[in-house]
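Worksheet: the structure to be examined is printed underneath.
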Amino acid sequence: MKVLFVSYEVYPIAKVGGLADVAGSLPKYLKELGVEIDLLMPFHKSIDKNMAIKTDENISTRFVKREVSFEVYRAKLPKSDVNVFLLYNERLMDSKEIYGASDLGFQAMSFSDAAAGFAVDKGYDIVHLNDWQTALIAVYLKQREAKCKTLLSIHNLAYQGVYGKEYLDLSGIEKSNRNEIFEAGKINFLKAGLVFSDKLSTVSPTYAKEIQTKEYGAGLEDILSRRRSDLVGILNGIDYYEYDPERDERLWANFSQDNIESKKINKSNLQQLVGLPKKDDALIGLISRLVDQKGLDLIEDVKDELMKLPIQIVVLGTGESKYEDMFRILQKNYPEKVAARLTFDLDLAQKIYGGADMFLMPSRYEPCGLGQMFAMRYGTVPIVRYTGGLADTVHEFDPENNGNGFGFVDYDAKKLLGALKKALKVYFQPELWKKVVRNAMRQDFSWRVSAINYLSLYKKILEVNNDA
């Protein structure tokens with residue numbers, strides 16, 4: 001089985017969000033399972049030219065009306081034997097921001113056209129696409145009458161790549177293929193992928209169901225519902241080698257399920273680092289993009305009530321000014337309870353995962369979520385809204401069961417407050433709290449589990465092909 005995994009970002013080569021973590025981890029685990037897999041991505045301007053070797057190959061677009069030629073570079077995915085191929089065109093790669101090109105639509109379209117040719121030339125059995133920037137590859141492969149099959153993974157349905165009619169004309173997509181991807185005078189890249197890919201996946205079983213509804217479908221619920229037999233939800237994972245509380249050098253003290261007491265050293269040092277007084281109050285971590293999707297309006301609605309609880313909050317992230325200002329003001333008014341670090345800091349993030357008692361994710365929607373997985377790996381108990389991947393990974397704790405966290409269903413600030421109070425009630429019962437912490441740490445969200453599920457899906461795709 002020969003697979004080409006195509007992504008616009010791959011950690012640690014180029015990263016903006018969770019997609020990079022997936023692309024930088026999943027192929028390594030698939031390789032360990034015996035899959036012959038390569039990565040393909042754009043050679044963004046921000047990537048160090050010295051990390052890749054220029055090959056003798058060039059590949060050009062076939063369908064896009066303005067022919068574009070790409071130079072092919074090759075590198076290795078760090079800490080693995082996975083090949084990474086990068087397509088470079090100096091004119092198109094004109095921004096150091098991964099999604100900051102002067103014409104991202106044309107860049108993605110041209111990359112996809114060339115990528116389809118690359119896949120055909122190299123003889124891949126499956127091309128695994130990720131999000132809207134690569135979705136048109138499915139169309140171009142169909143137009144080439146290629147034998148390789150396609151899987152499109154949806155990481156966040158809210159981002160679709162919608163452009164005007166001139167892009168449809170420029171795309172070279174044949175008229176017979178245009179009907180379902182062109183509406184209201186615009187082309188929708190993601191919709192094109194949903195129509196033309198052989199199979200579809202998304203990043204959690206619950207999100208796969210949610211996006212077939214009007215509430216979560218972002219206007220694409222009809223086609224997703226129509227293709228529900230081809231749609232599979234597979235949870236993302238995290239790298240258990242890199243994120244290990246027993247070995248993580250970013251922590252002040254290492255710990256394990258059998259040595260939870262050492263976690264307290266991390267809490268004490270974290271409080272000191274961010275300027276909070278050393279107290280036994282529950283220390284809550286919030287690491288997030290500060291945007292509406294993450295449920296921060298719920299926090300805003302009950303912030304005064306929150307400040308009356310025996311808690312401290314450490315916030316890490318950037319985003320909308322209204323939420324940055326909210327946390328700045330809370331820190332100013334309650335310096336003994338709130339520490340806001342409005343920046344991106346991977347080292348501090350690990351210290352929060354390792355030192356906080358609880359981790360807050362009250363998301364409006366969450367396709368998968370990785371924060372709750374990192375938190376549980378480090379014995380930090382999640383408090384979440386049960387949606388998407390949060391509903392699949394966090395299960396309500398009860399002294400009589402093996403739950404690993406606390407949460408609420410209705411998107412309501414009072415429900416959030418209630419979930420937090422329930423968690424605090426358990427927190428102040430030390431033996432019971434140890435139980436929920438150990439339950440959280442026992443979860444297996446490693447990429448190996450997810451990779452086995454993807455391998456099974458790949459086999460089904462090829463079985464369908466053989467049956468046909």
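Every chain in the structure tokens has a letter given in the order shown (A, B, ...), and although residue numbers restart at 1 in each chain, ligands are simply numbered from 1 in the order shown.
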Query - Contact residues around region 1-9 of chain A with only C-alpha atoms at 8 Å, ignoring same-chain residues under 6 positions, as a PyMOL selection string - result: chain A and resi 15-16+19-20+23+27+35-42+98+119+123-131+133-134
Query raised in the report: Could you pull out the alpha helix (DSSP H) residues of region 258-391 of chain A from DSSP and send them as an MDAnalysis selection string?
Result: chainID A and resid 263:274 296:301 303:306 321:333 346:355 371:377 388:391
Report task. Any chance you could list, as a list of chain:residue names, the residues in region 60-100 of chain A that come up strand (DSSP E) when DSSP is run on the backbone? Result ->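 Here are the strand (DSSP E) residues of region 60-100 of chain A: A:Ser60, A:Ser69, A:Phe70, A:Glu71, A:Val72, A:Tyr73, A:Arg74, A:Ala75, A:Lys76, A:Asn83, A:Val84, A:Phe85, A:Leu86, A:Leu87, A:Tyr88.
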Write the residues of the selection above to a file with N, CA and C atoms, as a short mmCIF file (atom, residue, chain, number, x, y, z; two decimals), in the first residue's frame.
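The file below, out.cif, is the result:
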```
data_model
loop_
_atom_site.label_atom_id
_atom_site.label_comp_id
_atom_site.auth_asym_id
_atom_site.auth_seq_id
_atom_site.Cartn_x
_atom_site.Cartn_y
_atom_site.Cartn_z
N SER A 60 4.54 20.46 -13.42
CA SER A 60 3.73 21.59 -13.84
C SER A 60 2.24 21.27 -13.73
N SER A 69 4.82 26.05 -12.83
CA SER A 69 5.80 24.98 -12.67
C SER A 69 6.37 25.02 -11.25
N PHE A 70 6.53 23.85 -10.65
CA PHE A 70 7.07 23.74 -9.30
C PHE A 70 8.37 22.93 -9.32
N GLU A 71 9.34 23.36 -8.55
CA GLU A 71 10.53 22.57 -8.29
C GLU A 71 10.21 21.61 -7.14
N VAL A 72 10.74 20.39 -7.22
CA VAL A 72 10.47 19.38 -6.21
C VAL A 72 11.68 19.23 -5.30
N TYR A 73 11.46 19.40 -4.01
CA TYR A 73 12.49 19.21 -2.99
C TYR A 73 12.13 17.98 -2.14
N ARG A 74 13.14 17.43 -1.49
CA ARG A 74 12.92 16.25 -0.64
C ARG A 74 13.63 16.42 0.69
N ALA A 75 12.97 15.99 1.76
CA ALA A 75 13.56 16.02 3.10
C ALA A 75 13.04 14.81 3.86
N LYS A 76 13.47 14.68 5.11
CA LYS A 76 12.96 13.65 6.01
C LYS A 76 12.15 14.32 7.11
N ASN A 83 9.62 10.22 4.09
CA ASN A 83 10.03 11.24 3.12
C ASN A 83 9.01 12.37 3.08
N VAL A 84 9.52 13.58 2.99
CA VAL A 84 8.67 14.77 2.80
C VAL A 84 9.07 15.41 1.48
N PHE A 85 8.12 15.51 0.56
CA PHE A 85 8.36 16.21 -0.70
C PHE A 85 7.71 17.59 -0.61
N LEU A 86 8.43 18.59 -1.10
CA LEU A 86 7.96 19.97 -1.03
C LEU A 86 7.95 20.57 -2.43
N LEU A 87 6.86 21.23 -2.80
CA LEU A 87 6.74 21.86 -4.11
C LEU A 87 6.97 23.36 -3.96
N TYR A 88 7.92 23.87 -4.77
CA TYR A 88 8.33 25.27 -4.62
C TYR A 88 8.13 26.06 -5.90
#
```
Query - Atomic distance CA of Glu215 (chain A) - CA of Arg364 (chain A), expressed in Å with one decimal - result: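 The value is 10.9 Å.
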Query - Polymer residues at most 8 Å from Gly117 (chain A), only C-alpha atoms, same-chain spacing of 5 or more positions, as a list in words - result: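 Residues near the query, excluding close chain neighbours: Ile59, Ser60, Thr61, Arg62 and Leu141 of chain A.
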Please save C-alpha atoms of the selected residues as a PDB file, in the first residue's frame.
```pdb
ATOM      1  CA  ILE A  59       6.197  19.328 -12.081  1.00  0.00           C
ATOM      2  CA  SER A  60       3.728  21.594 -13.845  1.00  0.00           C
ATOM      3  CA  THR A  61       0.017  22.150 -13.617  1.00  0.00           C
ATOM      4  CA  ARG A  62      -2.122  20.482 -16.271  1.00  0.00           C
ATOM      5  CA  LEU A 141      -7.284  13.248 -10.128  1.00  0.00           C
TER       6      LEU A 141
END
```
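The shortest atom-to-atom distance to Gly172 (chain A), with only C-alpha atoms taken into account, belongs to A:Lys65 out of A:Arg341, A:Arg448, A:Arg377, A:Lys65.
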Query - Computed interatomic separation between CA of Leu104 (chain A) and CA of Asp21 (chain A) (Å) - result: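 Atom-to-atom, CA of Leu104 (chain A) and CA of Asp21 (chain A) are spaced 21.7 Å apart.
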Requested in this report: Select, from A:Phe359, A:Tyr378, A:Tyr207, A:Phe189, the residue with the minimum atom-to-atom distance to Asn266 (chain A), counting only C-alpha atoms.
Outcome: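 Closest to Asn266 (chain A), using only C-alpha atoms: A:Tyr378.
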Report as a CSV table (one decimal) with C-alpha atoms, in the first residue's frame all protein, DNA and RNA residues lying within 12 Å of Leu235 (chain A), evaluated on only C-alpha atoms, omitting residues in the same chain fewer than 3 positions from it.
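Written out: selection_5.csv:
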```csv
chain,number,residue,atom,x,y,z
A,22,VAL,CA,-1.6,15.5,12.8
A,26,LEU,CA,0.2,10.2,12.0
A,153,SER,CA,-10.0,14.5,6.2
A,154,ILE,CA,-12.0,17.5,7.5
A,155,HIS,CA,-10.2,19.1,10.5
A,201,SER,CA,-13.1,11.4,7.4
A,202,THR,CA,-13.1,13.8,10.3
A,203,VAL,CA,-11.3,14.0,13.6
A,204,SER,CA,-13.8,12.5,16.0
A,205,PRO,CA,-16.9,10.2,15.8
A,206,THR,CA,-19.2,12.8,17.4
A,207,TYR,CA,-18.1,15.6,15.1
A,208,ALA,CA,-18.8,13.3,12.1
A,232,VAL,CA,-15.9,8.1,9.2
A,238,ILE,CA,-1.0,12.8,20.6
A,366,GLU,CA,-14.6,21.3,18.9
A,367,PRO,CA,-13.9,18.9,16.0
A,368,CYS,CA,-11.5,16.9,18.1
A,369,GLY,CA,-9.4,19.0,20.5
A,370,LEU,CA,-6.0,18.1,21.6
A,373,MET,CA,-5.7,14.9,25.7
A,388,GLY,CA,-17.3,16.9,19.1
A,389,GLY,CA,-14.1,15.3,20.2
A,390,LEU,CA,-14.6,16.5,23.8
A,391,ALA,CA,-17.6,14.3,24.1
A,392,ASP,CA,-15.6,11.3,22.7
A,393,THR,CA,-12.7,11.7,25.1
A,444,ASP,CA,-4.7,6.0,25.7
A,445,PHE,CA,-4.9,8.7,23.2
A,446,SER,CA,-1.7,7.7,21.5
A,447,TRP,CA,-1.3,8.1,17.7
A,448,ARG,CA,-0.8,4.3,17.4
A,449,VAL,CA,-4.5,3.8,18.2
A,450,SER,CA,-5.6,6.3,15.6
A,451,ALA,CA,-3.1,5.0,13.0
A,452,ILE,CA,-4.6,1.5,13.3
A,453,ASN,CA,-8.0,3.0,12.6
A,454,TYR,CA,-6.7,4.9,9.5
```
Query - Residue nearest Phe111 (chain A) among A:Gln257, A:Thr343, A:Thr55, A:Asn89 (counting only C-alpha atoms) - result: A:Asn89
Query - Contacts of Leu190 (chain A) within 9 Å, only C-alpha atoms, excl. fewer than 2 positions in-chain, as a list in words - result: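 Once the adjacent positions are removed, what remains is Asp131, Trp132, Gln133, Thr134, Ala135, Leu136, Ile154, Leu157, Tyr159, Gln160, Gly161, Val162, Ile181, Asn188, Ala192, Gly193, Leu194 and Val195 of chain A.
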Could you take the residues named above and write them with N, CA, C and O atoms, as a PDB file, in the first residue's frame?
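selection22.pdb, written as the output of this step:
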```pdb
ATOM      1  N   ASP A 131      -8.118  19.139   4.606  1.00  0.00           N
ATOM      2  CA  ASP A 131      -8.723  20.475   4.585  1.00  0.00           C
ATOM      3  C   ASP A 131      -8.799  21.074   3.178  1.00  0.00           C
ATOM      4  O   ASP A 131      -8.372  20.484   2.189  1.00  0.00           O
ATOM      5  N   TRP A 132      -9.385  22.277   3.109  1.00  0.00           N
ATOM      6  CA  TRP A 132      -9.792  22.828   1.825  1.00  0.00           C
ATOM      7  C   TRP A 132      -8.630  23.127   0.896  1.00  0.00           C
ATOM      8  O   TRP A 132      -8.788  23.079  -0.333  1.00  0.00           O
ATOM      9  N   GLN A 133      -7.450  23.442   1.448  1.00  0.00           N
ATOM     10  CA  GLN A 133      -6.329  23.845   0.588  1.00  0.00           C
ATOM     11  C   GLN A 133      -5.892  22.726  -0.353  1.00  0.00           C
ATOM     12  O   GLN A 133      -5.293  22.985  -1.396  1.00  0.00           O
ATOM     13  N   THR A 134      -6.173  21.477   0.011  1.00  0.00           N
ATOM     14  CA  THR A 134      -5.767  20.344  -0.825  1.00  0.00           C
ATOM     15  C   THR A 134      -6.951  19.630  -1.465  1.00  0.00           C
ATOM     16  O   THR A 134      -6.769  18.648  -2.192  1.00  0.00           O
ATOM     17  N   ALA A 135      -8.165  20.111  -1.203  1.00  0.00           N
ATOM     18  CA  ALA A 135      -9.372  19.384  -1.611  1.00  0.00           C
ATOM     19  C   ALA A 135      -9.520  19.251  -3.126  1.00  0.00           C
ATOM     20  O   ALA A 135     -10.072  18.263  -3.623  1.00  0.00           O
ATOM     21  N   LEU A 136      -9.055  20.246  -3.893  1.00  0.00           N
ATOM     22  CA  LEU A 136      -9.210  20.190  -5.349  1.00  0.00           C
ATOM     23  C   LEU A 136      -8.394  19.070  -5.987  1.00  0.00           C
ATOM     24  O   LEU A 136      -8.631  18.713  -7.143  1.00  0.00           O
ATOM     25  N   ILE A 154     -11.449  16.161   7.162  1.00  0.00           N
ATOM     26  CA  ILE A 154     -11.953  17.484   7.534  1.00  0.00           C
ATOM     27  C   ILE A 154     -11.505  17.773   8.957  1.00  0.00           C
ATOM     28  O   ILE A 154     -11.928  17.105   9.899  1.00  0.00           O
ATOM     29  N   LEU A 157     -14.639  22.211   9.690  1.00  0.00           N
ATOM     30  CA  LEU A 157     -15.546  22.473   8.573  1.00  0.00           C
ATOM     31  C   LEU A 157     -15.806  23.957   8.351  1.00  0.00           C
ATOM     32  O   LEU A 157     -16.264  24.362   7.283  1.00  0.00           O
ATOM     33  N   TYR A 159     -13.780  26.274   7.847  1.00  0.00           N
ATOM     34  CA  TYR A 159     -12.866  26.845   6.851  1.00  0.00           C
ATOM     35  C   TYR A 159     -13.019  26.065   5.553  1.00  0.00           C
ATOM     36  O   TYR A 159     -12.689  24.878   5.494  1.00  0.00           O
ATOM     37  N   GLN A 160     -13.509  26.751   4.489  1.00  0.00           N
ATOM     38  CA  GLN A 160     -13.913  26.028   3.284  1.00  0.00           C
ATOM     39  C   GLN A 160     -13.225  26.471   2.002  1.00  0.00           C
ATOM     40  O   GLN A 160     -13.267  25.743   1.018  1.00  0.00           O
ATOM     41  N   GLY A 161     -12.606  27.629   1.977  1.00  0.00           N
ATOM     42  CA  GLY A 161     -11.972  28.094   0.747  1.00  0.00           C
ATOM     43  C   GLY A 161     -12.990  28.468  -0.305  1.00  0.00           C
ATOM     44  O   GLY A 161     -13.142  27.771  -1.308  1.00  0.00           O
ATOM     45  N   VAL A 162     -13.691  29.568  -0.102  1.00  0.00           N
ATOM     46  CA  VAL A 162     -14.739  30.023  -1.016  1.00  0.00           C
ATOM     47  C   VAL A 162     -14.218  31.211  -1.822  1.00  0.00           C
ATOM     48  O   VAL A 162     -13.775  32.206  -1.243  1.00  0.00           O
ATOM     49  N   ILE A 181     -20.154  22.066  -7.111  1.00  0.00           N
ATOM     50  CA  ILE A 181     -19.136  22.805  -6.364  1.00  0.00           C
ATOM     51  C   ILE A 181     -19.218  24.308  -6.612  1.00  0.00           C
ATOM     52  O   ILE A 181     -18.422  25.064  -6.080  1.00  0.00           O
ATOM     53  N   ASN A 188     -16.459  26.567  -4.092  1.00  0.00           N
ATOM     54  CA  ASN A 188     -16.150  26.144  -2.731  1.00  0.00           C
ATOM     55  C   ASN A 188     -15.169  24.972  -2.808  1.00  0.00           C
ATOM     56  O   ASN A 188     -15.535  23.875  -3.202  1.00  0.00           O
ATOM     57  N   ALA A 192     -15.896  20.834  -3.152  1.00  0.00           N
ATOM     58  CA  ALA A 192     -15.389  20.055  -4.281  1.00  0.00           C
ATOM     59  C   ALA A 192     -14.762  18.752  -3.787  1.00  0.00           C
ATOM     60  O   ALA A 192     -14.978  17.671  -4.354  1.00  0.00           O
ATOM     61  N   GLY A 193     -13.983  18.856  -2.719  1.00  0.00           N
ATOM     62  CA  GLY A 193     -13.369  17.658  -2.158  1.00  0.00           C
ATOM     63  C   GLY A 193     -14.387  16.696  -1.596  1.00  0.00           C
ATOM     64  O   GLY A 193     -14.251  15.476  -1.740  1.00  0.00           O
ATOM     65  N   LEU A 194     -15.439  17.243  -0.960  1.00  0.00           N
ATOM     66  CA  LEU A 194     -16.484  16.384  -0.401  1.00  0.00           C
ATOM     67  C   LEU A 194     -17.231  15.630  -1.497  1.00  0.00           C
ATOM     68  O   LEU A 194     -17.658  14.487  -1.310  1.00  0.00           O
ATOM     69  N   VAL A 195     -17.387  16.265  -2.642  1.00  0.00           N
ATOM     70  CA  VAL A 195     -18.109  15.645  -3.759  1.00  0.00           C
ATOM     71  C   VAL A 195     -17.255  14.585  -4.445  1.00  0.00           C
ATOM     72  O   VAL A 195     -17.738  13.494  -4.774  1.00  0.00           O
TER      73      VAL A 195
END
```
Requested in this report: Kindly indicate which residue among A:Gln293, A:Asn236, A:Thr387, A:Asn333 lies nearest to Met307 (chain A), using only C-alpha atoms for the distances.
Outcome: A:Asn333
**Report entry** Polymer residues at most 7 Å from region 310-327 of chain A, only C-alpha atoms, same-chain spacing of 2 or more positions, as a PyMOL selection string
**Finding:** chain A and resi 281-291+308+329-331+337-344
Could you save the residues just selected, with N, CA and C atoms, as a compact mmCIF listing (two decimals), in the first residue's frame?
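Below is the file result.txt, written as the result:
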```txt
# COMPACT_ATOMS: atom_id res chain seq x y z
N ASP A 281 -5.77 26.34 46.52
CA ASP A 281 -6.92 26.49 45.63
C ASP A 281 -6.66 25.74 44.32
N ALA A 282 -7.73 25.33 43.66
CA ALA A 282 -7.58 24.62 42.39
C ALA A 282 -6.99 25.55 41.34
N LEU A 283 -5.88 25.13 40.74
CA LEU A 283 -5.24 25.90 39.68
C LEU A 283 -5.77 25.40 38.34
N ILE A 284 -6.43 26.29 37.59
CA ILE A 284 -7.07 25.93 36.33
C ILE A 284 -6.25 26.48 35.17
N GLY A 285 -5.92 25.63 34.22
CA GLY A 285 -5.23 26.05 33.02
C GLY A 285 -6.19 26.28 31.87
N LEU A 286 -5.93 27.30 31.07
CA LEU A 286 -6.69 27.56 29.86
C LEU A 286 -5.68 27.94 28.77
N ILE A 287 -5.46 27.02 27.85
CA ILE A 287 -4.54 27.25 26.73
C ILE A 287 -5.38 27.21 25.46
N SER A 288 -5.48 28.34 24.76
CA SER A 288 -6.47 28.39 23.68
C SER A 288 -6.24 29.58 22.77
N ARG A 289 -6.73 29.44 21.55
CA ARG A 289 -6.98 30.64 20.74
C ARG A 289 -8.13 31.37 21.41
N LEU A 290 -7.99 32.66 21.60
CA LEU A 290 -9.00 33.43 22.32
C LEU A 290 -10.05 33.93 21.33
N VAL A 291 -10.93 33.01 20.94
CA VAL A 291 -11.95 33.30 19.94
C VAL A 291 -13.29 32.73 20.40
N LYS A 308 -15.28 34.37 42.77
CA LYS A 308 -15.67 34.09 44.16
C LYS A 308 -15.34 32.66 44.58
N ILE A 329 -7.93 42.63 32.21
CA ILE A 329 -8.67 43.31 33.28
C ILE A 329 -8.84 42.40 34.49
N LEU A 330 -9.15 41.12 34.24
CA LEU A 330 -9.28 40.18 35.35
C LEU A 330 -7.97 40.05 36.11
N GLN A 331 -6.86 39.99 35.37
CA GLN A 331 -5.56 39.90 36.03
C GLN A 331 -5.27 41.14 36.85
N LYS A 337 -5.59 35.77 41.69
CA LYS A 337 -6.42 34.70 41.15
C LYS A 337 -6.22 34.46 39.65
N VAL A 338 -5.78 35.44 38.92
CA VAL A 338 -5.68 35.33 37.45
C VAL A 338 -4.29 35.73 36.97
N ALA A 339 -3.69 34.88 36.14
CA ALA A 339 -2.44 35.20 35.45
C ALA A 339 -2.67 35.01 33.96
N ALA A 340 -2.55 36.07 33.19
CA ALA A 340 -2.80 36.03 31.75
C ALA A 340 -1.49 36.21 30.99
N ARG A 341 -1.17 35.24 30.17
CA ARG A 341 0.01 35.34 29.31
C ARG A 341 -0.50 35.32 27.87
N LEU A 342 -0.64 36.50 27.29
CA LEU A 342 -1.28 36.63 25.98
C LEU A 342 -0.21 36.52 24.89
N THR A 343 0.24 35.29 24.71
CA THR A 343 1.32 35.01 23.79
C THR A 343 1.26 33.54 23.40
N PHE A 344 2.20 33.11 22.56
CA PHE A 344 2.33 31.70 22.18
C PHE A 344 3.65 31.21 22.75
```
**Report entry** Separation of CA of Gly295 (chain A) from CA of Met361 (chain A) in Å
**Finding:**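 Interatomic distance here is 7.5 Å.
When only C-alpha atoms are used to measure the gap to Val302 (chain A), the shortest distance among A:Leu346, A:Ala218, A:Ala413, A:Ile173 belongs to A:Ala413.
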Query raised in the report: If we count only C-alpha atoms, what is near Tyr167 (chain A) at a cut-off of 8 Å, once residues fewer than 4 positions away on the same chain are taken out, given as a PyMOL selection string?
Result: chain A and resi 105-106+163+171+187
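Take the candidates A:Asp56, A:Arg385, A:Val436, A:Gln372 and check each one against Glu400 (chain A) using only C-alpha atoms; the shortest distance goes to A:Val436.
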